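K.L.:
Structure: start.cif, mmCIF, C-alpha atoms.
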data_entry
#
loop_
_atom_site.label_atom_id
_atom_site.label_comp_id
_atom_site.auth_asym_id
_atom_site.auth_seq_id
_atom_site.Cartn_x
_atom_site.Cartn_y
_atom_site.Cartn_z
CA MET A 1336 60.81 -126.08 -153.63
CA TRP A 1337 61.55 -129.21 -151.64
CA SER A 1338 63.92 -131.96 -152.76
CA HIS A 1339 63.82 -135.19 -150.77
CA TYR A 1340 66.49 -137.87 -151.18
CA HIS A 1341 66.58 -141.30 -149.51
CA ARG A 1342 68.11 -144.70 -150.15
CA ASP A 1343 65.05 -146.85 -149.73
CA GLU A 1344 62.44 -147.62 -152.34
CA GLY A 1345 59.11 -145.83 -152.26
CA ASP A 1346 58.01 -142.21 -152.28
CA LEU A 1347 57.39 -139.49 -149.74
CA THR A 1348 53.64 -140.09 -149.61
CA ASP A 1349 54.31 -143.33 -147.76
CA ARG A 1350 56.62 -141.69 -145.18
CA THR A 1351 54.44 -139.94 -142.63
CA VAL A 1352 57.31 -138.73 -140.43
CA GLU A 1353 58.98 -136.86 -143.31
CA GLN A 1354 55.60 -135.49 -144.40
CA GLN A 1355 54.99 -133.98 -140.98
CA ALA A 1356 58.49 -132.51 -140.82
CA LEU A 1357 57.95 -130.92 -144.24
CA ARG A 1358 54.59 -129.47 -143.17
CA GLU A 1359 56.20 -127.93 -140.07
CA LEU A 1360 59.04 -126.36 -142.08
CA ILE A 1361 56.58 -124.85 -144.57
CA ALA A 1362 54.49 -123.43 -141.72
CA GLN A 1363 57.56 -121.93 -140.04
CA GLU A 1364 58.68 -120.29 -143.27
CA ALA A 1365 55.20 -118.89 -143.94
CA THR A 1366 54.97 -117.29 -140.48
CA ALA A 1367 58.59 -116.13 -140.24
CA PRO A 1368 58.81 -112.34 -139.74
CA ARG A 1369 60.23 -110.29 -142.63
CA ARG A 1370 62.66 -107.79 -141.15
CA LEU A 1371 63.61 -105.07 -143.61
CA ALA A 1372 67.28 -104.07 -143.45
CA PRO A 1373 67.74 -100.86 -141.39
CA ALA A 1374 69.36 -99.07 -144.36
CA LEU A 1375 66.24 -99.76 -146.42
CA GLU A 1376 64.01 -98.65 -143.55
CA THR A 1377 65.79 -95.30 -143.80
CA LEU A 1378 65.29 -95.22 -147.57
CA ARG A 1379 61.65 -96.24 -147.20
CA GLY A 1380 61.03 -93.38 -144.76
CA GLU A 1381 62.68 -90.80 -147.03
CA ILE A 1382 60.64 -92.00 -150.02
CA ALA A 1383 57.42 -91.74 -148.00
CA ARG A 1384 58.24 -88.18 -146.93
CA ARG A 1385 59.36 -87.07 -150.39
CA TRP A 1386 56.48 -88.72 -152.29
CA PRO A 1387 53.63 -89.53 -149.89
CA GLY A 1388 51.20 -92.16 -151.12
CA ALA A 1389 49.36 -95.29 -150.04
CA ASP A 1390 51.27 -98.54 -150.58
CA ARG A 1391 54.26 -96.57 -151.81
CA THR A 1392 56.76 -99.32 -150.90
CA VAL A 1393 56.34 -103.09 -150.89
CA VAL A 1394 58.58 -105.40 -148.86
CA ASP A 1395 56.97 -108.84 -149.16
CA ALA A 1396 57.12 -109.25 -152.92
CA THR A 1397 57.79 -112.74 -154.29
CA HIS A 1398 59.28 -112.11 -157.72
CA HIS A 1399 62.92 -111.57 -156.69
CA VAL A 1400 65.23 -113.42 -154.31
CA ASP A 1401 66.27 -110.14 -152.62
CA HIS A 1402 62.82 -109.94 -151.01
CA ARG A 1403 63.34 -113.20 -149.12
CA PRO A 1404 65.00 -113.12 -145.68
CA ASN A 1405 68.65 -114.13 -145.73
CA THR A 1406 70.43 -116.15 -143.03
CA ARG A 1407 70.35 -113.08 -140.75
CA GLY A 1408 66.58 -112.76 -141.28
CA SER A 1409 67.12 -109.53 -143.21
CA VAL A 1410 65.22 -108.50 -146.33
CA ASP A 1411 67.52 -106.56 -148.67
CA ALA A 1412 65.09 -105.12 -151.24
CA ILE A 1413 61.93 -103.08 -151.59
CA ASP A 1414 59.65 -102.31 -154.51
CA VAL A 1415 58.47 -98.74 -155.01
CA ASN A 1416 55.17 -97.76 -156.62
CA VAL A 1417 56.46 -95.08 -159.00
CA THR A 1418 53.14 -93.30 -159.57
CA GLY A 1419 53.90 -89.66 -158.82
CA VAL A 1420 57.58 -90.38 -158.16
CA ASP A 1421 60.45 -88.71 -160.00
CA THR A 1422 62.35 -91.89 -160.79
CA ASP A 1423 65.40 -90.00 -162.07
CA VAL A 1424 65.77 -88.21 -158.73
CA LEU A 1425 65.20 -91.43 -156.80
CA LEU A 1426 67.70 -93.45 -158.86
CA THR A 1427 70.34 -90.71 -158.70
CA ALA A 1428 70.13 -90.67 -154.90
CA PHE A 1429 70.01 -94.48 -154.71
CA GLN A 1430 73.10 -94.97 -156.89
CA ARG A 1431 75.15 -92.56 -154.76
CA HIS A 1432 74.66 -94.60 -151.59
CA PRO A 1433 77.45 -97.08 -150.71
CA ALA A 1434 74.94 -99.77 -149.71
CA ALA A 1435 73.09 -99.76 -153.04
CA ALA A 1436 73.58 -102.82 -155.26
CA LEU A 1437 70.80 -103.19 -157.86
CA TRP A 1438 67.73 -101.59 -159.36
CA ILE A 1439 65.19 -102.96 -161.85
CA HIS A 1440 62.52 -100.94 -163.62
CA ALA A 1441 60.49 -101.14 -166.82
CA GLY A 1442 62.62 -103.75 -168.58
CA THR A 1443 65.92 -102.20 -167.50
CA ALA A 1444 68.35 -103.14 -164.74
CA ALA A 1445 71.63 -101.74 -163.42
CA ARG A 1446 74.16 -102.91 -160.83
CA ALA A 1447 76.71 -101.02 -158.75
CA ASP A 1448 79.35 -103.64 -159.53
CA ASP A 1449 78.82 -102.89 -163.25
CA GLY A 1450 79.21 -99.13 -162.82
CA TRP A 1451 75.43 -98.68 -162.95
CA THR A 1452 75.44 -99.53 -166.66
CA ARG A 1453 71.85 -99.89 -167.83
CA ARG A 1454 71.07 -103.22 -169.45
CA ALA A 1455 67.93 -104.93 -170.73
CA TYR A 1456 66.12 -106.99 -168.11
CA ALA A 1457 64.04 -109.99 -169.15
CA GLY A 1458 63.22 -111.32 -165.69
CA THR A 1459 59.99 -111.18 -163.74
CA ASP A 1460 58.25 -108.01 -162.50
CA PRO A 1461 58.32 -105.23 -161.09
CA GLY A 1462 57.72 -103.84 -164.60
CA ALA A 1463 56.82 -100.27 -165.51
CA GLY A 1464 54.77 -99.47 -162.42
CA ARG A 1465 57.31 -100.70 -159.90
CA LEU A 1466 60.92 -99.91 -159.14
CA HIS A 1467 62.93 -102.67 -157.46
CA LEU A 1468 65.73 -101.41 -155.19
CA GLY A 1469 68.19 -103.87 -153.68
CA ILE A 1470 71.18 -103.35 -151.39
CA ARG A 1471 74.34 -105.39 -150.91
CA PRO A 1472 73.71 -108.66 -149.00
CA ALA A 1473 76.22 -107.82 -146.28
CA GLU A 1474 75.56 -106.87 -142.67
CA ALA A 1475 77.57 -103.65 -142.97
CA ALA A 1476 75.43 -102.52 -145.90
CA GLU A 1477 72.21 -103.59 -144.21
CA ARG A 1478 73.05 -101.52 -141.13
CA ASP A 1479 74.52 -98.52 -142.95
CA PRO A 1480 73.09 -95.49 -141.06
CA ARG A 1481 73.80 -92.86 -143.72
CA PRO A 1482 70.84 -91.00 -145.25
CA TRP A 1483 69.92 -91.40 -148.91
CA GLY A 1484 69.57 -87.68 -149.68
CA LEU A 1485 65.89 -87.57 -150.64
CA THR A 1486 64.63 -85.25 -147.92
CA GLU A 1487 65.56 -81.72 -146.86
CA GLU A 1488 67.07 -82.81 -143.57
CA SER A 1489 69.44 -85.21 -145.33
CA GLY A 1490 70.52 -83.08 -148.30
CA MET A 1491 69.46 -80.87 -151.20
CA ASP A 1492 69.34 -81.13 -154.94
CA ALA A 1493 71.44 -79.10 -157.39
CA LYS A 1494 68.77 -76.45 -157.94
CA GLN A 1495 68.43 -75.82 -154.21
CA LEU A 1496 72.20 -75.55 -153.84
CA LEU A 1497 72.50 -73.05 -156.71
CA ALA A 1498 69.68 -70.95 -155.27
CA LEU A 1499 71.51 -70.87 -151.93
CA LEU A 1500 74.84 -69.90 -153.52
CA ASN A 1501 73.14 -67.12 -155.50
CA ASP A 1502 71.86 -65.53 -152.29
CA PRO A 1503 73.92 -62.28 -152.01
CA ALA A 1504 74.37 -62.65 -148.26
CA VAL A 1505 75.65 -66.23 -148.60
CA ALA A 1506 77.93 -65.31 -151.53
CA ARG A 1507 79.44 -62.44 -149.52
CA GLN A 1508 80.22 -64.74 -146.58
CA LEU A 1509 81.74 -67.38 -148.86
CA ARG A 1510 84.03 -64.79 -150.48
CA ALA A 1511 85.23 -63.68 -147.06
CA LEU A 1512 86.00 -67.14 -145.67
CA PRO A 1513 89.35 -67.77 -147.44
CA TRP A 1514 90.75 -64.48 -146.19
CA GLN A 1515 89.96 -65.39 -142.58
CA TYR A 1516 92.24 -68.42 -142.67
CA ILE A 1517 94.77 -68.58 -139.85
CA GLY A 1518 97.38 -71.30 -139.68
CA GLY A 1519 100.13 -72.93 -141.69
CA GLY A 1520 102.62 -70.25 -142.72
CA ILE A 1521 100.38 -67.36 -141.64
CA PRO A 1522 101.93 -65.44 -138.69
CA ARG A 1523 100.17 -66.02 -135.37
CA GLY A 1524 97.28 -63.64 -134.85
CA MET A 1525 96.99 -62.67 -138.51
CA SER A 1526 94.62 -63.76 -141.25
CA THR A 1527 95.43 -64.37 -144.90
CA LEU A 1528 93.99 -60.99 -145.79
CA GLY A 1529 95.99 -59.29 -143.04
CA VAL A 1530 99.22 -60.74 -144.43
CA LEU A 1531 98.39 -59.61 -147.98
CA ASN A 1532 97.52 -56.11 -146.74
CA GLU A 1533 100.81 -55.85 -144.89
CA LEU A 1534 102.73 -56.96 -147.97
CA VAL A 1535 101.03 -54.25 -150.03
CA VAL A 1536 101.77 -51.62 -147.40
CA THR A 1537 105.40 -52.73 -147.16
CA VAL A 1538 105.89 -52.64 -150.95
CA ARG A 1539 104.41 -49.15 -151.08
CA ALA A 1540 106.65 -47.91 -148.25
CA ILE A 1541 109.83 -49.39 -149.74
CA GLY A 1542 108.83 -48.15 -153.18
CA GLU A 1543 108.37 -44.64 -151.84
CA VAL A 1544 111.87 -44.74 -150.32
CA VAL A 1545 113.31 -45.87 -153.67
CA ALA A 1546 111.30 -43.23 -155.52
CA LYS A 1547 112.70 -40.43 -153.38
CA GLN A 1548 116.22 -41.57 -154.15
CA SER A 1549 115.55 -42.08 -157.84
CA ALA A 1550 116.28 -39.67 -160.64
CA ASP A 1551 112.77 -40.38 -161.97
CA PRO A 1552 110.43 -40.81 -158.95
CA ALA A 1553 107.31 -40.88 -161.15
CA ALA A 1554 108.49 -43.99 -162.99
CA VAL A 1555 109.06 -45.82 -159.68
CA ARG A 1556 105.73 -44.75 -158.21
CA ALA A 1557 103.94 -45.94 -161.35
CA LEU A 1558 105.06 -49.49 -160.56
CA LEU A 1559 103.66 -49.45 -157.02
CA PRO A 1560 100.24 -50.93 -156.10
CA ALA A 1561 97.66 -48.21 -156.62
CA GLN A 1562 95.65 -46.78 -153.75
CA ARG A 1563 92.04 -47.78 -154.45
CA ALA A 1564 89.01 -45.76 -153.48
CA ASP A 1565 87.08 -48.95 -152.62
CA ALA A 1566 89.71 -50.07 -150.15
CA GLU A 1567 86.99 -50.74 -147.55
CA VAL A 1568 86.75 -54.26 -148.93
CA MET A 1569 90.16 -54.92 -147.42
CA ALA A 1570 90.72 -55.23 -143.69
CA ALA A 1571 92.87 -52.59 -142.05
CA PRO A 1572 96.56 -53.58 -142.27
CA THR A 1573 97.87 -54.87 -138.98
CA ASN A 1574 101.21 -55.67 -137.54
CA GLY A 1575 102.00 -59.00 -135.93
CA SER A 1576 100.38 -57.85 -132.67
CA GLY A 1577 97.15 -56.83 -134.32
CA GLY A 1578 97.83 -53.07 -134.23
CA ALA A 1579 97.74 -50.74 -137.21
CA VAL A 1580 100.84 -50.40 -139.31
CA ASP A 1581 102.62 -47.06 -139.02
CA LEU A 1582 103.64 -46.18 -142.61
CA ASP A 1583 106.11 -43.49 -141.56
CA ALA A 1584 107.82 -45.82 -139.12
CA LEU A 1585 107.94 -48.54 -141.75
CA ALA A 1586 109.49 -46.15 -144.26
CA THR A 1587 112.07 -45.09 -141.68
CA ARG A 1588 112.99 -48.73 -140.94
CA SER A 1589 113.30 -49.35 -144.68
CA ARG A 1590 115.75 -46.48 -145.09
CA ARG A 1591 117.86 -47.73 -142.21
CA GLY A 1592 117.80 -51.27 -143.62
#
Take the structure from the file and write it as structure tokens.

P.N.:
Amino acid sequence: MWSHYHRDEGDLTDRTVEQQALRELIAQEATAPRRLAPALETLRGEIARRWPGADRTVVDATHHVDHRPNTRGSVDAIDVNVTGVDTDVLLTAFQRHPAAALWIHAGTAARADDGWTRRAYAGTDPGAGRLHLGIRPAEAAERDPRPWGLTEESGMDAKQLLALLNDPAVARQLRALPWQYIGGGIPRGMSTLGVLNELVVTVRAIGEVVAKQSADPAAVRALLPAQRADAEVMAAPTNGSGGAVDLDALATRSRRG
């Protein structure tokens, strides 16, 4: 739309200079390159890999202002042909991304600034066959390099994660990780599991000393940590230098102490 204001009487049809200037501006706008924001180029590529299809994404739509280049020449929206696309998966990934701002689909719209609350949309297309995805009109959002999580190399869905965690080999490694921790209050050269093992050994040794001096040794021994047959799940107890703990020597030191 062009609005022309001037002080003199008459109309634009009589002003050939202004007419030519207007024609040149219209021609420049028509031929200006549409540069899709880099963040949306990333999203566009992930969509194409996840749901291959001809004309899957449209950049040069005319129904929404987001499709028009801003002052930086950046286009901040794409439309997606949703035929064969899991829109729930796509929208979930889209809404998690910090650059995302707006989506419109099938008479419904939601905005990040509104907590992605779904509201009725009475504007122009994309309609049921198209999904409009717009990002924040800021350079930082346009250049955000983070993936959108739609392809294997950039992430996995909940089902894939659960399948991985249910793998016995993976589960076994995950259970072992906390016991390998070294740092904080853990003595140098020892893991969390090594410290716990040494505590158990020490309690047993001290308890045995007390039991031998007690009028009822059985009652004392009943309170001590039991020796388990499946003790192979625990690492061998070590001293601060990494060597095995000598139970007899520990009991002797306990008596002297």

K.L.:
Apply the PyMOL selection byres ((chain A and resi 1560) around 9) to the structure shown and report the selected residues as a PyMOL selection string.

P.N.:
chain A and resi 1535-1536+1538-1539+1556-1559+1561-1563

K.L.:
Using only C-alpha atoms, determine which residues lie at most 9 Å from segment 1500-1517 of chain A, disregarding the query and same-chain residues fewer than 5 positions distant; provide the list as a list in words.

P.N.:
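Residues near the query, excluding close chain neighbours: Gln1495, Pro1522, Arg1523, Gly1524, Met1525, Ser1526, Thr1527, Leu1528 and Gly1529 of chain A.
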
K.L.:
I'd like the contact shell of Val1545 of chain A - 12 Å cut-off, only C-alpha atoms, skipping same-chain residues fewer than 2 positions apart - returned as a list in words.

P.N.:
Val1538, Arg1539, Ala1540, Ile1541, Gly1542, Glu1543, Lys1547, Gln1548, Ser1549, Ala1550, Asp1551, Pro1552, Ala1553, Ala1554, Val1555, Arg1556, Leu1558, Leu1559, Ala1586, Ser1589 and Arg1590 of chain A

K.L.:
Residues at most 10 Å from Gln1430 of chain A, counting only C-alpha atoms, excluding those fewer than 4 positions away in the same chain, as a ChimeraX atom specification?

P.N.:
/A:1425-1426,1434-1438,1445-1447,1450-1451,1468,1483

K.L.:
With all atoms of segment 1431-1440 of chain A from the file as input, state the centre and edge lengths in Å to one decimal of the axis-aligned box that has 5 Å extra on each side, as JSON.

P.N.:
{"center_x": 70.0, "center_y": -97.9, "center_z": -156.7, "size_x": 24.9, "size_y": 20.6, "size_z": 23.9}

K.L.:
I need the residue nearest Glu1381 of chain A from this list: A:Arg1481, A:Lys1494, A:Arg1358, A:His1402. Use all atoms listed in the file for the distance.

P.N.:
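With all atoms listed in the file as the atom set, the closest residue is A:Arg1481.
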
K.L.:
Check the smallest atom-to-atom distance from each of A:Pro1373, A:Pro1387, A:Gly1442, A:Gly1484 to Ile1470 of chain A using all atoms listed in the file, then report the winner.

P.N.:
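Among A:Pro1373, A:Pro1387, A:Gly1442, A:Gly1484, it is A:Pro1373 that comes nearest to Ile1470 of chain A.
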
K.L.:
Rounded to one decimal, what separation in Å do you get between atom CA of Arg1379 of chain A and atom CA of Ala1412 of chain A?

P.N.:
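Taking atom CA of Arg1379 of chain A as the start and atom CA of Ala1412 of chain A as the end point, the length is 10.3 Å.
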
K.L.:
One decimal, Å: what's the distance from atom CA of Val1530 of chain A over to atom CA of Gly1518 of chain A, could you say?

P.N.:
11.7 Å

K.L.:
The PyMOL selection byres ((chain A and resi 1440) around 10) on the file shown: which residues, as a ChimeraX atom specification?

P.N.:
/A:1414-1415,1417,1422,1438-1439,1441-1445,1455-1456,1460-1468

K.L.:
For the residues in that selection, give me C-alpha atoms as a JSON list (two decimals), keeping the file's coordinate frame.

P.N.:
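Full text of out16.json as output:
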[["chain", "number", "residue", "atom", "x", "y", "z"],
["A", 1414, "ASP", "CA", 59.65, -102.31, -154.51],
["A", 1415, "VAL", "CA", 58.47, -98.74, -155.01],
["A", 1417, "VAL", "CA", 56.46, -95.08, -159.00],
["A", 1422, "THR", "CA", 62.35, -91.89, -160.79],
["A", 1438, "TRP", "CA", 67.73, -101.59, -159.36],
["A", 1439, "ILE", "CA", 65.19, -102.96, -161.85],
["A", 1441, "ALA", "CA", 60.49, -101.14, -166.82],
["A", 1442, "GLY", "CA", 62.62, -103.75, -168.58],
["A", 1443, "THR", "CA", 65.92, -102.20, -167.50],
["A", 1444, "ALA", "CA", 68.35, -103.14, -164.74],
["A", 1445, "ALA", "CA", 71.63, -101.74, -163.42],
["A", 1455, "ALA", "CA", 67.93, -104.93, -170.73],
["A", 1456, "TYR", "CA", 66.12, -106.99, -168.11],
["A", 1460, "ASP", "CA", 58.25, -108.01, -162.50],
["A", 1461, "PRO", "CA", 58.32, -105.23, -161.09],
["A", 1462, "GLY", "CA", 57.72, -103.84, -164.60],
["A", 1463, "ALA", "CA", 56.82, -100.27, -165.51],
["A", 1464, "GLY", "CA", 54.77, -99.47, -162.42],
["A", 1465, "ARG", "CA", 57.31, -100.70, -159.90],
["A", 1466, "LEU", "CA", 60.92, -99.91, -159.14],
["A", 1467, "HIS", "CA", 62.93, -102.67, -157.46],
["A", 1468, "LEU", "CA", 65.73, -101.41, -155.19]]

K.L.:
Atom CA of Arg1478 of chain A to atom CA of Ala1372 of chain A: how many Å, to one decimal?

P.N.:
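These two atoms are separated by 6.7 Å.
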
K.L.:
Considering all atoms listed in the file, state which residue in the set A:Leu1378, A:Leu1496, A:Pro1404, A:Asn1532 is at the smallest distance from Phe1429 of chain A.

P.N.:
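So, comparing all the options, the nearest one is A:Leu1378.
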
K.L.:
Which of these residues is nearest to Arg1370 of chain A, using only C-alpha atoms: A:Asp1390, A:Asp1449, A:Asp1423, A:Glu1477?

P.N.:
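When distances to Arg1370 of chain A are compared using only C-alpha atoms, the smallest one comes from A:Glu1477.
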
K.L.:
Taking into account only C-alpha atoms, which residue in the set A:Ser1409, A:Thr1427, A:Thr1452, A:Asn1416 is nearest to Val1393 of chain A?

P.N.:
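With only C-alpha atoms as the atom set, the closest residue is A:Asn1416.
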